[in-house]
>>> print(open('run.txt').read())   # compact mmCIF, C-alpha atoms and all ligand atoms
# COMPACT_ATOMS: atom_id res chain seq x y z
CA MET A 1 0.00 0.00 0.00
CA LYS A 2 3.08 2.17 -0.02
CA ALA A 3 5.71 3.12 -2.61
CA THR A 4 8.27 5.84 -3.34
CA ALA A 5 9.32 6.89 -6.83
CA LYS A 6 11.73 9.34 -8.36
CA ALA A 7 11.24 11.10 -11.70
CA HIS A 8 13.42 13.67 -13.38
CA ALA A 9 12.43 17.01 -14.87
CA ASN A 10 12.57 17.42 -18.63
CA ILE A 11 13.01 20.45 -20.83
CA ALA A 12 11.34 20.57 -24.23
CA LEU A 13 13.53 21.32 -27.24
CA ILE A 14 10.40 21.36 -29.43
CA LYS A 15 7.63 22.84 -27.30
CA TYR A 16 4.18 21.59 -26.42
CA TRP A 17 1.66 24.42 -26.17
CA GLY A 18 -2.09 23.89 -26.64
CA LYS A 19 -4.55 21.09 -26.00
CA ARG A 20 -6.55 19.22 -28.60
CA GLU A 21 -8.95 18.10 -25.91
CA ALA A 22 -9.02 19.55 -22.40
CA ALA A 23 -10.84 16.82 -20.41
CA GLU A 24 -8.39 14.04 -21.42
CA ASN A 25 -5.44 16.47 -21.58
CA LEU A 26 -4.54 15.56 -25.16
CA PRO A 27 -1.77 17.77 -26.59
CA ALA A 28 -2.53 19.57 -29.87
CA VAL A 29 1.09 19.24 -31.02
CA GLY A 30 3.89 16.74 -30.49
CA SER A 31 7.05 17.71 -28.58
CA ILE A 32 10.66 16.56 -28.03
CA SER A 33 12.53 16.88 -24.74
CA LEU A 34 15.62 16.01 -22.79
CA THR A 35 15.24 14.41 -19.35
CA LEU A 36 17.56 15.94 -16.73
CA LYS A 37 19.55 13.92 -14.19
CA GLU A 38 20.19 16.66 -11.61
CA LEU A 39 16.62 18.01 -11.30
CA PHE A 40 14.11 15.59 -9.84
CA THR A 41 11.04 14.92 -7.72
CA THR A 42 10.79 12.18 -5.10
CA THR A 43 7.23 11.18 -4.21
CA ALA A 44 5.96 8.78 -1.57
CA VAL A 45 2.37 7.49 -1.69
CA ARG A 46 0.67 5.56 1.09
CA PHE A 47 -2.91 4.37 0.72
CA ASP A 48 -4.58 4.33 4.12
CA PRO A 49 -7.95 2.52 4.50
CA GLY A 50 -8.59 4.57 7.66
CA ALA A 51 -8.08 8.03 6.12
CA ASP A 52 -11.09 10.13 5.13
CA ARG A 53 -9.33 12.34 2.55
CA ASP A 54 -6.21 12.60 0.42
CA THR A 55 -3.41 14.73 1.83
CA LEU A 56 -0.40 16.29 0.14
CA VAL A 57 2.80 17.52 1.77
CA LEU A 58 4.88 19.45 -0.76
CA ASN A 59 8.52 20.19 0.10
CA GLY A 60 7.76 19.62 3.80
CA THR A 61 4.68 21.89 3.98
CA PRO A 62 0.99 20.86 3.76
CA ALA A 63 -0.22 21.91 0.28
CA ASP A 64 -3.13 24.31 -0.33
CA SER A 65 -6.57 23.00 -1.30
CA ALA A 66 -6.14 23.66 -5.06
CA GLN A 67 -2.90 21.66 -5.21
CA THR A 68 -4.37 18.86 -3.09
CA LEU A 69 -7.47 18.71 -5.30
CA ARG A 70 -5.32 18.31 -8.43
CA ILE A 71 -3.47 15.39 -6.83
CA SER A 72 -6.73 13.90 -5.55
CA ARG A 73 -8.26 13.98 -9.06
CA PHE A 74 -5.19 12.21 -10.37
CA LEU A 75 -5.37 9.56 -7.62
CA ASP A 76 -9.02 9.01 -8.65
CA LEU A 77 -7.71 7.74 -12.01
CA VAL A 78 -5.55 5.19 -10.18
CA ARG A 79 -8.41 4.23 -7.83
CA LYS A 80 -10.75 3.77 -10.80
CA ARG A 81 -8.24 1.58 -12.58
CA THR A 82 -7.47 -0.64 -9.60
CA GLY A 83 -10.80 -0.71 -7.77
CA LEU A 84 -9.01 0.57 -4.66
CA ASP A 85 -11.15 2.79 -2.47
CA SER A 86 -8.68 4.17 0.10
CA ARG A 87 -7.51 7.77 0.40
CA ALA A 88 -3.78 8.42 0.26
CA ALA A 89 -1.07 10.41 2.01
CA VAL A 90 1.29 11.88 -0.61
CA LYS A 91 4.66 13.42 0.21
CA SER A 92 6.55 15.08 -2.61
CA GLU A 93 9.90 16.86 -2.70
CA ASN A 94 11.47 18.76 -5.59
CA ASN A 95 15.17 19.56 -5.48
CA PHE A 96 14.48 22.76 -7.49
CA PRO A 97 11.93 25.68 -7.41
CA THR A 98 8.32 24.51 -7.76
CA GLY A 99 5.81 26.01 -10.20
CA ALA A 100 8.24 28.57 -11.61
CA GLY A 101 8.62 27.32 -15.17
CA LEU A 102 11.14 24.65 -14.31
CA ALA A 103 9.06 21.67 -15.34
CA SER A 104 8.13 20.70 -11.79
CA SER A 105 4.72 19.39 -12.90
CA ALA A 106 6.46 17.02 -15.34
CA SER A 107 8.63 15.27 -12.76
CA SER A 108 5.87 15.49 -10.09
CA PHE A 109 3.18 13.71 -12.07
CA ALA A 110 5.60 11.15 -13.51
CA ALA A 111 6.79 10.29 -9.98
CA LEU A 112 3.21 10.29 -8.66
CA ALA A 113 2.00 8.00 -11.48
CA LEU A 114 4.69 5.45 -10.69
CA ALA A 115 4.45 5.65 -6.88
CA ALA A 116 0.62 5.61 -6.81
CA THR A 117 0.22 2.66 -9.17
CA GLN A 118 2.86 0.64 -7.32
CA ALA A 119 1.29 1.51 -3.96
CA ALA A 120 -2.06 0.40 -5.35
CA GLY A 121 -0.49 -2.91 -6.36
CA ILE A 122 -0.30 -2.62 -10.15
CA ASN A 123 2.67 -2.76 -12.50
CA LEU A 124 2.18 -0.60 -15.59
CA THR A 125 4.39 -0.61 -18.68
CA LEU A 126 6.29 2.63 -19.35
CA GLN A 127 3.83 3.38 -22.15
CA GLU A 128 0.86 2.94 -19.82
CA LEU A 129 2.57 5.08 -17.18
CA SER A 130 3.19 7.78 -19.78
CA ILE A 131 -0.53 7.84 -20.71
CA LEU A 132 -1.45 8.07 -17.02
CA ALA A 133 1.14 10.77 -16.21
CA ARG A 134 -0.10 12.82 -19.21
CA GLN A 135 -3.50 13.13 -17.55
CA GLY A 136 -1.81 14.99 -14.68
CA SER A 137 0.35 17.22 -16.87
CA GLY A 138 1.14 16.97 -20.60
CA SER A 139 4.90 17.27 -20.14
CA ALA A 140 4.84 14.54 -17.44
CA ALA A 141 4.26 11.94 -20.16
CA ARG A 142 7.86 12.64 -21.24
CA SER A 143 9.44 12.45 -17.75
CA VAL A 144 8.52 8.75 -17.56
CA PHE A 145 11.41 8.14 -19.98
CA GLY A 146 15.11 8.99 -19.87
CA GLY A 147 17.34 10.71 -22.44
CA PHE A 148 15.80 12.23 -25.57
CA VAL A 149 12.05 11.75 -25.62
CA GLU A 150 9.24 12.45 -28.07
CA MET A 151 5.60 12.97 -27.12
CA LYS A 152 2.97 12.22 -29.76
CA THR A 153 -0.21 14.09 -30.43
CA ALA A 154 -3.15 11.71 -30.86
CA GLU A 155 -6.93 11.80 -31.00
CA ARG A 156 -7.49 9.06 -28.43
CA SER A 157 -6.12 8.94 -24.89
CA GLU A 158 -4.67 5.44 -25.35
CA ASP A 159 -2.58 6.67 -28.30
CA ALA A 160 -1.22 9.83 -26.63
CA PHE A 161 2.03 8.75 -24.97
CA ALA A 162 5.73 9.56 -25.10
CA PHE A 163 8.59 7.29 -26.15
CA GLN A 164 12.37 7.39 -26.01
CA ILE A 165 14.30 8.53 -29.11
CA ALA A 166 17.81 8.13 -27.65
CA GLU A 167 19.38 6.92 -24.39
CA PRO A 168 20.83 9.45 -21.90
CA ASP A 169 24.42 8.55 -22.87
CA TYR A 170 23.74 8.98 -26.60
CA TRP A 171 24.95 12.59 -26.64
CA ASP A 172 26.93 14.36 -23.93
CA LEU A 173 25.08 17.67 -23.80
CA ARG A 174 24.55 19.99 -20.83
CA LEU A 175 21.63 22.17 -19.98
CA LEU A 176 22.31 25.10 -17.66
CA VAL A 177 19.32 26.47 -15.82
CA ALA A 178 19.65 30.17 -15.02
CA VAL A 179 17.09 30.96 -12.32
CA THR A 180 15.97 34.61 -12.51
CA SER A 181 13.03 34.28 -10.09
CA ALA A 182 11.86 31.53 -7.75
CA GLU A 183 8.34 32.98 -7.52
CA PRO A 184 5.48 30.75 -8.70
CA LYS A 185 4.26 31.92 -12.12
CA LYS A 186 1.05 33.96 -12.41
CA THR A 187 -0.43 32.17 -15.41
CA GLY A 188 -0.31 28.37 -15.17
CA SER A 189 0.38 26.43 -18.36
CA THR A 190 -3.18 25.04 -18.71
CA GLU A 191 -4.74 28.49 -18.38
CA GLY A 192 -2.10 29.95 -20.72
CA MET A 193 -2.66 27.24 -23.34
CA ASN A 194 -6.44 27.52 -23.23
CA ARG A 195 -6.36 31.29 -23.56
CA THR A 196 -3.87 31.07 -26.43
CA ALA A 197 -5.98 28.52 -28.33
CA ALA A 198 -9.13 30.58 -27.83
CA THR A 199 -7.74 34.01 -28.75
CA SER A 200 -4.45 33.98 -30.67
CA PRO A 201 -4.77 34.67 -34.41
CA TYR A 202 -1.63 32.55 -34.92
CA TYR A 203 -2.77 29.40 -33.13
CA ARG A 204 -3.80 27.50 -36.26
CA GLN A 205 -0.40 28.11 -37.87
CA TRP A 206 1.34 26.92 -34.69
CA VAL A 207 -0.51 23.60 -34.85
CA GLU A 208 0.01 23.25 -38.62
CA THR A 209 3.76 23.88 -38.53
CA GLY A 210 4.48 21.61 -35.54
CA PRO A 211 5.10 18.34 -37.44
CA ALA A 212 7.85 19.89 -39.61
CA ASP A 213 9.70 21.13 -36.49
CA LEU A 214 9.51 17.66 -34.94
CA GLN A 215 10.87 16.07 -38.11
CA GLU A 216 13.84 18.46 -38.22
CA MET A 217 14.62 17.88 -34.53
CA ARG A 218 14.53 14.09 -34.93
CA GLU A 219 17.10 14.47 -37.73
CA ALA A 220 19.29 16.82 -35.69
CA ILE A 221 19.34 14.26 -32.87
CA ARG A 222 19.95 11.35 -35.24
CA ASN A 223 22.95 13.20 -36.76
CA ARG A 224 24.16 14.63 -33.44
CA ASP A 225 24.07 17.99 -35.24
CA PHE A 226 24.43 20.45 -32.33
CA GLU A 227 24.00 23.66 -34.35
CA LYS A 228 20.81 22.33 -35.86
CA LEU A 229 19.48 21.19 -32.47
CA GLY A 230 20.27 24.54 -30.88
CA GLU A 231 18.88 26.63 -33.73
CA LEU A 232 15.64 24.61 -33.70
CA ALA A 233 15.31 24.77 -29.92
CA GLU A 234 15.59 28.59 -29.98
CA TYR A 235 13.15 28.76 -32.88
CA SER A 236 10.53 26.56 -31.17
CA CYS A 237 10.93 28.49 -27.91
CA LEU A 238 10.55 31.93 -29.50
CA LYS A 239 7.65 30.68 -31.65
CA MET A 240 5.87 29.41 -28.52
CA HIS A 241 6.44 32.63 -26.57
CA GLY A 242 5.47 34.74 -29.60
CA LEU A 243 2.27 32.72 -29.77
CA ALA A 244 1.55 33.18 -26.04
CA LEU A 245 2.24 36.93 -26.40
CA SER A 246 -0.35 37.08 -29.19
CA ALA A 247 -3.13 35.77 -26.91
CA ARG A 248 -5.65 38.27 -25.54
CA PRO A 249 -4.62 39.44 -23.02
CA GLY A 250 -1.08 38.50 -24.01
CA ILE A 251 0.86 36.10 -21.79
CA LEU A 252 4.35 37.33 -20.89
CA TYR A 253 6.45 34.89 -18.87
CA TRP A 254 9.76 36.80 -19.03
CA ASN A 255 11.27 39.37 -16.68
CA GLY A 256 14.07 41.83 -17.43
CA ALA A 257 16.81 39.39 -16.44
CA THR A 258 15.34 36.79 -18.82
CA VAL A 259 15.94 39.15 -21.75
CA GLU A 260 19.46 40.01 -20.53
CA VAL A 261 20.33 36.30 -20.50
CA LEU A 262 18.94 35.77 -24.03
CA GLN A 263 21.05 38.67 -25.35
CA ALA A 264 24.14 37.34 -23.57
CA VAL A 265 23.69 33.81 -24.96
CA ARG A 266 23.53 35.19 -28.50
CA GLU A 267 26.56 37.42 -27.83
CA TRP A 268 28.59 34.43 -26.55
CA ARG A 269 27.55 32.50 -29.63
CA ARG A 270 28.78 35.30 -31.89
CA SER A 271 32.12 35.05 -30.06
CA GLY A 272 32.37 31.35 -30.98
CA ILE A 273 30.85 29.45 -28.02
CA PRO A 274 28.30 26.80 -29.11
CA VAL A 275 25.36 27.72 -26.87
CA TYR A 276 21.61 28.18 -27.50
CA PHE A 277 18.67 29.01 -25.23
CA THR A 278 15.20 27.77 -24.48
CA ILE A 279 12.52 28.99 -22.01
CA ASP A 280 9.36 27.35 -20.65
CA ALA A 281 6.28 28.90 -19.04
CA GLY A 282 8.33 31.02 -16.66
CA PRO A 283 11.25 33.48 -16.50
CA GLN A 284 14.12 30.96 -16.22
CA VAL A 285 16.49 30.56 -19.16
CA LYS A 286 17.97 27.20 -20.06
CA ALA A 287 21.23 27.31 -22.02
CA ILE A 288 22.19 24.21 -24.04
CA CYS A 289 25.80 23.36 -24.89
CA PRO A 290 28.16 20.43 -25.48
CA ALA A 291 29.49 19.11 -22.12
CA GLY A 292 32.96 20.67 -22.48
CA TYR A 293 31.58 24.24 -22.41
CA ALA A 294 29.40 23.87 -19.31
CA GLU A 295 31.87 25.04 -16.62
CA ASN A 296 32.82 28.19 -18.50
CA LEU A 297 29.18 29.01 -19.25
CA HIS A 298 28.26 28.39 -15.61
CA LYS A 299 30.71 31.17 -14.62
CA LYS A 300 29.46 33.49 -17.34
CA LEU A 301 25.77 32.97 -16.56
CA SER A 302 26.34 33.32 -12.79
CA GLY A 303 27.94 36.73 -13.40
CA LEU A 304 24.93 38.21 -15.23
CA PRO A 305 22.77 40.75 -13.35
CA GLY A 306 19.49 39.25 -12.12
CA VAL A 307 20.67 35.63 -12.29
CA GLN A 308 20.12 34.17 -8.82
CA GLN A 309 21.36 30.65 -9.29
CA VAL A 310 22.69 28.45 -12.10
CA ARG A 311 22.30 24.67 -12.15
CA ILE A 312 24.11 22.37 -14.57
CA ALA A 313 22.08 19.37 -15.74
CA SER A 314 23.02 16.41 -17.89
CA PRO A 315 20.88 13.81 -19.70
CA GLY A 316 19.00 11.77 -17.09
CA PRO A 317 17.26 8.44 -16.56
CA ALA A 318 13.67 7.19 -16.67
CA ALA A 319 11.32 7.36 -13.66
CA HIS A 320 12.13 4.61 -11.16
CA LEU A 321 11.19 3.24 -7.77
CA VAL A 322 13.21 4.16 -4.71
CA GLU A 323 13.73 1.40 -2.15
CA ASN A 324 13.63 1.61 1.68
CA GLN A 325 12.00 4.98 2.19
O1 LIG B 1 2.91 19.98 -18.83
P1 LIG B 1 2.38 21.35 -18.75
O2 LIG B 1 0.90 21.39 -18.89
O3 LIG B 1 2.85 22.07 -17.53
O4 LIG B 1 2.92 22.19 -20.02
C1 LIG B 1 4.29 22.39 -20.30
C2 LIG B 1 4.47 23.49 -21.27
C3 LIG B 1 5.90 23.91 -21.56
O5 LIG B 1 6.75 23.57 -20.48
C4 LIG B 1 5.95 25.42 -21.74
C5 LIG B 1 6.42 23.29 -22.85
C6 LIG B 1 6.81 21.83 -22.79
O6 LIG B 1 6.70 21.18 -23.83
O7 LIG B 1 7.26 21.37 -21.74
>>> encode(input="run.txt", output="structure tokens")
Amino acid sequence: MKATAKAHANIALIKYWGKREAAENLPAVGSISLTLKELFTTTAVRFDPGADRDTLVLNGTPADSAQTLRISRFLDLVRKRTGLDSRAAVKSENNFPTGAGLASSASSFAALALAATQAAGINLTLQELSILARQGSGSAARSVFGGFVEMKTAERSEDAFAFQIAEPDYWDLRLLVAVTSAEPKKTGSTEGMNRTAATSPYYRQWVETGPADLQEMREAIRNRDFEKLGELAEYSCLKMHGLALSARPGILYWNGATVEVLQAVREWRRSGIPVYFTIDAGPQVKAICPAGYAENLHKKLSGLPGVQQVRIASPGPAAHLVENQ
């Protein structure tokens, strides 16, 4: 009745933004990501036949009712699947800022999917876990797997899952996370996506041009073509943020320091350093480079005004169970 699982954050190189179907949480576009070893969530789930409600402790503090409700809805999926009726105590810890555009929902729901199903006594395949995790958060479908991962768009829930494109050790890249604010974001990704789909005049083009971006990124990964991967990652990121900005009212996730980091990354690139950026639904900038450049870039990023903290991450493993906790 009890299990603990660990899942790693992932950062999309080709972005997911927009839902085809809200109730099932089906993404409108496919995406490609890299799972990160150094950023992770550890989640313990204990089903308790005596408890009258689900509880959530997040980073050592009891969660608010909105967060607990989201977890409770997700646990309902597991209860429905297994016939289990008990409420659960969930304890979750992130080793990085939560809800600030650092993919915490991805690692959280991937870890919760694995811990909750194991605690409920069922063993799902990685594909089944990915489908389940997706119903908590679209990007969580990708955190079930390690290395380079693609998420499909599909019309039916049972077809909308992620799969691995390449193992973590396939390509020795580094992703540096420059934290410019640890505040939770004001517009959550679901709200942002729904508003964008309903109001942006560019939304249709975003959905139509997605498959070509995915195809190019698969090729860049297959050929270990770093320039191509970086150029595409920046393109997909700016296209997604341009799209969000064109919603009504426009959604702006960046702060001043975010823009300073973007300018600096392009300046360093002009001076010959192979480095590109990407940004999720928050103000943090992620810089991507071959492993050998990471230490130097860590120093450079740490010295920029407004950068509070820089973390270096490398390709990481699939979600897994943690023993003896
Ligand atoms: O998984 P969600 O619903 O939090 O959406 C994630 C959206 C982005 O992080 C901005 C892009 C992505 O593909 O991860």
>>> residues_near_ligand(input="run.txt", ligand="ligand LIG 1 (chain B)", cutoff="6 Å", atoms="only C-alpha atoms and all ligand atoms", output="mmCIF file with C-alpha atoms, keeping the file's coordinate frame")
data_model
loop_
_atom_site.group_PDB
_atom_site.id
_atom_site.type_symbol
_atom_site.label_atom_id
_atom_site.label_comp_id
_atom_site.auth_asym_id
_atom_site.auth_seq_id
_atom_site.Cartn_x
_atom_site.Cartn_y
_atom_site.Cartn_z
ATOM 1 C CA ILE A 11 13.010 20.450 -20.830
ATOM 2 C CA ALA A 12 11.340 20.570 -24.230
ATOM 3 C CA LYS A 15 7.630 22.840 -27.300
ATOM 4 C CA TYR A 16 4.180 21.590 -26.420
ATOM 5 C CA TRP A 17 1.660 24.420 -26.170
ATOM 6 C CA SER A 31 7.050 17.710 -28.580
ATOM 7 C CA ALA A 103 9.060 21.670 -15.340
ATOM 8 C CA SER A 105 4.720 19.390 -12.900
ATOM 9 C CA ALA A 106 6.460 17.020 -15.340
ATOM 10 C CA SER A 137 0.350 17.220 -16.870
ATOM 11 C CA GLY A 138 1.140 16.970 -20.600
ATOM 12 C CA SER A 139 4.900 17.270 -20.140
ATOM 13 C CA ALA A 140 4.840 14.540 -17.440
ATOM 14 C CA SER A 189 0.380 26.430 -18.360
ATOM 15 C CA THR A 190 -3.180 25.040 -18.710
ATOM 16 C CA ASP A 280 9.360 27.350 -20.650
ATOM 17 C CA ALA A 281 6.280 28.900 -19.040
#
>>> closest_residue(input="run.txt", among="A:Thr68, A:Glu191, A:Leu245, A:Ala178", to="Leu304 (chain A)", atoms="only C-alpha atoms")
A:Ala178
>>> residues_around(input="run.txt", residues="Pro315 (chain A)", least_positions_apart="4", cutoff="6 Å", atoms="only C-alpha atoms", output="NGL selection string")
:A and (35-37 or 147 or 168)
>>> closest_residue(input="run.txt", among="A:Tyr293, A:Asn194, A:Ser236, A:Ala3", to="Gly121 (chain A)", atoms="only C-alpha atoms")
A:Ala3
>>> residues_around(input="run.txt", residues="Asp76 (chain A)", least_positions_apart="5", cutoff="12 Å", atoms="only C-alpha atoms", output="PyMOL selection string")
chain A and resi 53-54+69-71+81-88+113+116-117+120+132+135-136
>>> atom_distance(input="run.txt", atom1="CA of Gln263 (chain A)", atom2="CA of Pro249 (chain A)")
25.8 Å
>>> residues_around(input="run.txt", residues="region 201-216 of chain A", least_positions_apart="3", cutoff="8 Å", atoms="only C-alpha atoms", output="number ranges by chain")
A: 14, 28-32, 196-197, 219-220, 232, 236, 239, 243, 246-247
>>> atom_distance(input="run.txt", atom1="CA of Met240 (chain A)", atom2="CA of Lys19 (chain A)")
13.6 Å
>>> closest_residue(input="run.txt", among="A:Ser33, A:Thr258, A:Thr42, A:Ser65", to="Thr180 (chain A)", atoms="all atoms listed in the file")
A:Thr258
>>> axis_aligned_box(input="run.txt", around="region 287-304 of chain A", padding_each_side="8 Å", output="AutoDock Vina command-line options")
--center_x 27.1 --center_y 28.7 --center_z -19.1 --size_x 27.7 --size_y 35.1 --size_z 28.7
>>> closest_residue(input="run.txt", among="A:Leu26, A:Ala318, A:Leu13, A:Val179", to="Ala154 (chain A)", atoms="all atoms listed in the file")
A:Leu26
>>> closest_residue(input="run.txt", among="A:Lys185, A:Arg134, A:Arg269, A:Arg142", to="Trp254 (chain A)", atoms="all atoms listed in the file")
A:Lys185
>>> atom_distance(input="run.txt", atom1="CA of Gly60 (chain A)", atom2="CA of Val90 (chain A)")
11.0 Å
>>> residues_around(input="run.txt", residues="Val144 (chain A)", least_positions_apart="4", cutoff="9 Å", atoms="only C-alpha atoms", output="CSV table (one decimal) with C-alpha atoms, in the coordinates of the input")
chain,number,residue,atom,x,y,z
A,7,ALA,CA,11.2,11.1,-11.7
A,8,HIS,CA,13.4,13.7,-13.4
A,35,THR,CA,15.2,14.4,-19.4
A,106,ALA,CA,6.5,17.0,-15.3
A,107,SER,CA,8.6,15.3,-12.8
A,110,ALA,CA,5.6,11.2,-13.5
A,111,ALA,CA,6.8,10.3,-10.0
A,113,ALA,CA,2.0,8.0,-11.5
A,114,LEU,CA,4.7,5.4,-10.7
A,126,LEU,CA,6.3,2.6,-19.4
A,127,GLN,CA,3.8,3.4,-22.2
A,129,LEU,CA,2.6,5.1,-17.2
A,130,SER,CA,3.2,7.8,-19.8
A,133,ALA,CA,1.1,10.8,-16.2
A,140,ALA,CA,4.8,14.5,-17.4
A,162,ALA,CA,5.7,9.6,-25.1
A,163,PHE,CA,8.6,7.3,-26.2
A,317,PRO,CA,17.3,8.4,-16.6
A,318,ALA,CA,13.7,7.2,-16.7
A,319,ALA,CA,11.3,7.4,-13.7
A,320,HIS,CA,12.1,4.6,-11.2
>>> closest_residue(input="run.txt", among="A:Leu238, A:Ile251, A:Ala89, A:Ala166", to="Asp52 (chain A)", atoms="all atoms listed in the file")
A:Ala89
>>> decode(input="run.txt", residues="region 73-80 of chain A", atoms="all heavy atoms", output="short mmCIF file (atom, residue, chain, number, x, y, z; two decimals), in the first residue's frame")
data_model
loop_
_atom_site.label_atom_id
_atom_site.label_comp_id
_atom_site.auth_asym_id
_atom_site.auth_seq_id
_atom_site.Cartn_x
_atom_site.Cartn_y
_atom_site.Cartn_z
N ARG A 73 -7.65 14.35 -7.77
CA ARG A 73 -8.26 13.98 -9.06
C ARG A 73 -7.42 12.95 -9.79
O ARG A 73 -7.92 12.02 -10.40
CB ARG A 73 -8.38 15.22 -9.97
CG ARG A 73 -9.37 16.22 -9.47
CD ARG A 73 -10.53 16.36 -10.46
NE ARG A 73 -11.65 17.04 -9.85
CZ ARG A 73 -11.79 18.37 -9.87
NH1 ARG A 73 -10.90 19.11 -10.48
NH2 ARG A 73 -12.83 18.93 -9.30
N PHE A 74 -6.09 13.14 -9.70
CA PHE A 74 -5.19 12.21 -10.37
C PHE A 74 -5.25 10.84 -9.68
O PHE A 74 -5.31 9.80 -10.36
CB PHE A 74 -3.76 12.77 -10.34
CG PHE A 74 -2.80 11.93 -11.14
CD1 PHE A 74 -2.72 12.07 -12.51
CD2 PHE A 74 -2.00 10.99 -10.52
CE1 PHE A 74 -1.84 11.27 -13.26
CE2 PHE A 74 -1.13 10.21 -11.25
CZ PHE A 74 -1.06 10.35 -12.63
N LEU A 75 -5.28 10.84 -8.35
CA LEU A 75 -5.37 9.56 -7.62
C LEU A 75 -6.69 8.85 -7.94
O LEU A 75 -6.74 7.61 -7.95
CB LEU A 75 -5.24 9.80 -6.11
CG LEU A 75 -3.85 10.23 -5.63
CD1 LEU A 75 -3.89 10.64 -4.16
CD2 LEU A 75 -2.82 9.11 -5.83
N ASP A 76 -7.75 9.63 -8.24
CA ASP A 76 -9.02 9.01 -8.65
C ASP A 76 -8.84 8.12 -9.89
O ASP A 76 -9.48 7.08 -10.02
CB ASP A 76 -10.08 10.08 -8.96
CG ASP A 76 -10.61 10.75 -7.69
OD1 ASP A 76 -10.42 10.18 -6.58
OD2 ASP A 76 -11.20 11.85 -7.79
N LEU A 77 -7.95 8.55 -10.80
CA LEU A 77 -7.71 7.74 -12.01
C LEU A 77 -7.12 6.39 -11.62
O LEU A 77 -7.46 5.35 -12.19
CB LEU A 77 -6.73 8.47 -12.95
CG LEU A 77 -7.14 9.83 -13.50
CD1 LEU A 77 -5.96 10.47 -14.25
CD2 LEU A 77 -8.33 9.69 -14.45
N VAL A 78 -6.19 6.44 -10.64
CA VAL A 78 -5.55 5.19 -10.18
C VAL A 78 -6.56 4.33 -9.42
O VAL A 78 -6.62 3.11 -9.60
CB VAL A 78 -4.32 5.52 -9.30
CG1 VAL A 78 -3.68 4.25 -8.74
CG2 VAL A 78 -3.30 6.34 -10.09
N ARG A 79 -7.40 4.98 -8.60
CA ARG A 79 -8.41 4.23 -7.83
C ARG A 79 -9.40 3.55 -8.79
O ARG A 79 -9.76 2.40 -8.61
CB ARG A 79 -9.13 5.16 -6.85
CG ARG A 79 -8.29 5.46 -5.61
CD ARG A 79 -9.09 6.22 -4.56
NE ARG A 79 -9.12 7.63 -4.86
CZ ARG A 79 -8.38 8.55 -4.22
NH1 ARG A 79 -7.59 8.21 -3.23
NH2 ARG A 79 -8.46 9.82 -4.56
N LYS A 80 -9.78 4.31 -9.85
CA LYS A 80 -10.75 3.77 -10.80
C LYS A 80 -10.17 2.54 -11.51
O LYS A 80 -10.84 1.52 -11.68
CB LYS A 80 -11.06 4.86 -11.83
CG LYS A 80 -12.35 4.67 -12.57
CD LYS A 80 -12.71 5.91 -13.36
CE LYS A 80 -13.44 5.51 -14.62
NZ LYS A 80 -13.32 6.51 -15.66
#
